[in-house]
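Enquirer: Right, I'll just put the structure down here and ask away after.
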Amino acid sequence: MSVRRHVALLRGINVGRAKRVAMADLRRLVQNLGFSDVRTLLNSGNVVFDAPASASRKAAGRIEEALVGRLKVSARVTVLTADEVATVVAGNPLLHVMTDPSRLLVAVLADPADRRLLKPLTRQDWAPESLALGARVAYLWCPDGMLAGRLAAAVGRALADGVTSRNWATMLKLHAIAGD
């Protein structure tokens, strides 16, 4: 049986007072689903775990169901393989404009087909912000911060709950952990 490393990104966990989840509880929940070598990063719903390759497609749904059933928290979960995370990191076309990794966002699409919803945004002028699309992600440079600019809000409107974002520093940490 082939085992793969995965990264689960939970949308909106521990942001403000809503959807509070202790990382120890999240690790236990993922382990109880039969996944192994479970680790969390930061307090914002990032989980790295191993699972059989055959379980990859269903991992997000299983974690979502367990969150509701066991922790009474509803959150969209997006799961990437370690290889997909490596592709996201290697394929970032906005590194040349980045001056602060906390202001370079990676918006991970729950459904890769939703990339088509972002295509119209690539034809707009977002200066001083920048937008670039990858196969499964959008890269957003928000030099004045995510809340101060127009770009992050436009991506959010286009994708609703079909996206979750992490800053570049977090993506690099997830890549490092997933590559261990």
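Note on naming: chains are A, B, ... as they come in the structure tokens, residues start from 1 per chain, ligands start from 1 in the order shown.
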Give me the residues within 10 Å of A:Ile63 as an mmCIF file with all heavy atoms, in the first residue's frame, counting only C-alpha atoms and dropping any in the same chain fewer than 6 places off.
Expert:
data_model
loop_
_atom_site.group_PDB
_atom_site.id
_atom_site.type_symbol
_atom_site.label_atom_id
_atom_site.label_comp_id
_atom_site.auth_asym_id
_atom_site.auth_seq_id
_atom_site.Cartn_x
_atom_site.Cartn_y
_atom_site.Cartn_z
ATOM 1 N N ALA A 8 -3.646 19.410 4.825
ATOM 2 C CA ALA A 8 -5.043 19.835 4.894
ATOM 3 C C ALA A 8 -5.075 21.280 5.376
ATOM 4 O O ALA A 8 -4.409 21.637 6.351
ATOM 5 C CB ALA A 8 -5.838 18.949 5.855
ATOM 6 N N LEU A 10 -7.708 24.093 6.654
ATOM 7 C CA LEU A 10 -9.062 24.324 7.131
ATOM 8 C C LEU A 10 -9.369 25.805 6.987
ATOM 9 O O LEU A 10 -8.581 26.653 7.421
ATOM 10 C CB LEU A 10 -9.208 23.883 8.583
ATOM 11 C CG LEU A 10 -9.301 22.371 8.809
ATOM 12 C CD1 LEU A 10 -7.997 21.664 8.496
ATOM 13 C CD2 LEU A 10 -9.720 22.090 10.232
ATOM 14 N N LEU A 26 -7.486 18.830 16.981
ATOM 15 C CA LEU A 26 -7.450 18.626 15.530
ATOM 16 C C LEU A 26 -6.520 17.461 15.175
ATOM 17 O O LEU A 26 -6.867 16.611 14.356
ATOM 18 C CB LEU A 26 -7.021 19.915 14.826
ATOM 19 C CG LEU A 26 -6.975 19.888 13.310
ATOM 20 C CD1 LEU A 26 -8.317 19.491 12.711
ATOM 21 C CD2 LEU A 26 -6.534 21.251 12.778
ATOM 22 N N LEU A 29 -8.269 14.264 16.095
ATOM 23 C CA LEU A 29 -9.357 13.993 15.161
ATOM 24 C C LEU A 29 -8.822 13.361 13.877
ATOM 25 O O LEU A 29 -9.351 12.355 13.395
ATOM 26 C CB LEU A 29 -10.095 15.295 14.851
ATOM 27 C CG LEU A 29 -11.251 15.224 13.857
ATOM 28 C CD1 LEU A 29 -12.390 16.095 14.333
ATOM 29 C CD2 LEU A 29 -10.806 15.673 12.483
ATOM 30 N N VAL A 30 -7.755 13.923 13.320
ATOM 31 C CA VAL A 30 -7.180 13.411 12.074
ATOM 32 C C VAL A 30 -6.567 12.026 12.301
ATOM 33 O O VAL A 30 -6.722 11.127 11.473
ATOM 34 C CB VAL A 30 -6.184 14.424 11.476
ATOM 35 C CG1 VAL A 30 -5.459 13.854 10.260
ATOM 36 C CG2 VAL A 30 -6.912 15.721 11.095
ATOM 37 N N LEU A 33 -9.120 9.300 12.358
ATOM 38 C CA LEU A 33 -9.625 8.933 11.031
ATOM 39 C C LEU A 33 -8.729 7.886 10.365
ATOM 40 O O LEU A 33 -9.009 7.440 9.258
ATOM 41 C CB LEU A 33 -9.739 10.171 10.139
ATOM 42 C CG LEU A 33 -10.815 11.176 10.538
ATOM 43 C CD1 LEU A 33 -10.711 12.449 9.687
ATOM 44 C CD2 LEU A 33 -12.201 10.562 10.417
ATOM 45 N N GLY A 69 -19.073 16.404 13.288
ATOM 46 C CA GLY A 69 -19.570 15.354 14.159
ATOM 47 C C GLY A 69 -18.931 15.320 15.529
ATOM 48 O O GLY A 69 -19.614 15.086 16.525
ATOM 49 N N ALA A 75 -16.273 23.644 8.776
ATOM 50 C CA ALA A 75 -15.220 24.356 8.059
ATOM 51 C C ALA A 75 -14.918 23.617 6.772
ATOM 52 O O ALA A 75 -14.888 22.390 6.743
ATOM 53 C CB ALA A 75 -13.956 24.456 8.909
ATOM 54 N N ARG A 76 -14.703 24.371 5.719
ATOM 55 C CA ARG A 76 -14.296 23.794 4.441
ATOM 56 C C ARG A 76 -12.857 23.329 4.577
ATOM 57 O O ARG A 76 -12.002 24.041 5.115
ATOM 58 C CB ARG A 76 -14.420 24.853 3.346
ATOM 59 C CG ARG A 76 -14.117 24.388 1.953
ATOM 60 C CD ARG A 76 -15.260 23.508 1.448
ATOM 61 N NE ARG A 76 -15.102 23.062 0.107
ATOM 62 C CZ ARG A 76 -15.696 23.607 -0.940
ATOM 63 N NH1 ARG A 76 -16.470 24.661 -0.807
ATOM 64 N NH2 ARG A 76 -15.517 23.104 -2.134
ATOM 65 N N VAL A 77 -12.553 22.137 4.093
ATOM 66 C CA VAL A 77 -11.206 21.578 4.150
ATOM 67 C C VAL A 77 -10.726 21.327 2.725
ATOM 68 O O VAL A 77 -11.434 20.736 1.917
ATOM 69 C CB VAL A 77 -11.183 20.259 4.958
ATOM 70 C CG1 VAL A 77 -9.773 19.657 4.968
ATOM 71 C CG2 VAL A 77 -11.676 20.491 6.387
ATOM 72 N N THR A 78 -9.539 21.789 2.447
ATOM 73 C CA THR A 78 -8.901 21.546 1.162
ATOM 74 C C THR A 78 -7.641 20.742 1.430
ATOM 75 O O THR A 78 -6.853 21.114 2.302
ATOM 76 C CB THR A 78 -8.550 22.869 0.460
ATOM 77 O OG1 THR A 78 -9.752 23.625 0.286
ATOM 78 C CG2 THR A 78 -7.896 22.631 -0.887
ATOM 79 N N VAL A 79 -7.475 19.651 0.712
ATOM 80 C CA VAL A 79 -6.308 18.787 0.910
ATOM 81 C C VAL A 79 -5.454 18.786 -0.353
ATOM 82 O O VAL A 79 -5.963 18.603 -1.459
ATOM 83 C CB VAL A 79 -6.739 17.350 1.273
ATOM 84 C CG1 VAL A 79 -5.531 16.427 1.338
ATOM 85 C CG2 VAL A 79 -7.487 17.336 2.610
#
Enquirer: Determine which residues of stretch 8-78 of chain A DSSP labels as alpha helix (DSSP H) from the backbone of this structure, then write them out as a PyMOL selection string.
Expert: chain A and resi 23-32+59-66
Enquirer: Given only C-alpha atoms as the basis, pick out the residue of A:Val3, A:Val97, A:Ala86, A:Val38 nearest to A:Ala51.
Expert: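 Checking each candidate against A:Ala51, we get A:Val3 as the closest.
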Enquirer: List as a PyMOL selection string the protein and nucleic acid residues near stretch 130-136 of chain A, meaning an atom at most 7 Å away when only C-alpha atoms are counted, but skip any in the same chain fewer than 2 places from it.
Expert: chain A and resi 93+108-109+112+122+126-128+138-141
Enquirer: At a cut-off of 12 Å, can you tabulate as a tab-separated table every residue of stretch 20-76 of chain A near stretch 158-169 of chain A together with its closest atom pair and the distance in Å to one decimal, using only C-alpha atoms and ordering rows by chain then number?
Expert:
residue	atom	partner	partner_atom	distance
A:Leu41	CA	A:Ala169	CA	11.6
A:Leu42	CA	A:Arg166	CA	11.3
A:Ser44	CA	A:Arg166	CA	9.4
A:Gly45	CA	A:Arg166	CA	10.3
A:Asn46	CA	A:Arg166	CA	9.4
A:Ser74	CA	A:Asp161	CA	11.7
A:Ala75	CA	A:Asp161	CA	9.2
A:Arg76	CA	A:Asp161	CA	7.2
Enquirer: From the set A:Ala82, A:Phe35, A:Arg116, A:Ser2, which residue has the shortest atom-to-atom contact distance to A:Arg62, counting only C-alpha atoms?
Expert: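 Nearest to A:Arg62: A:Phe35.
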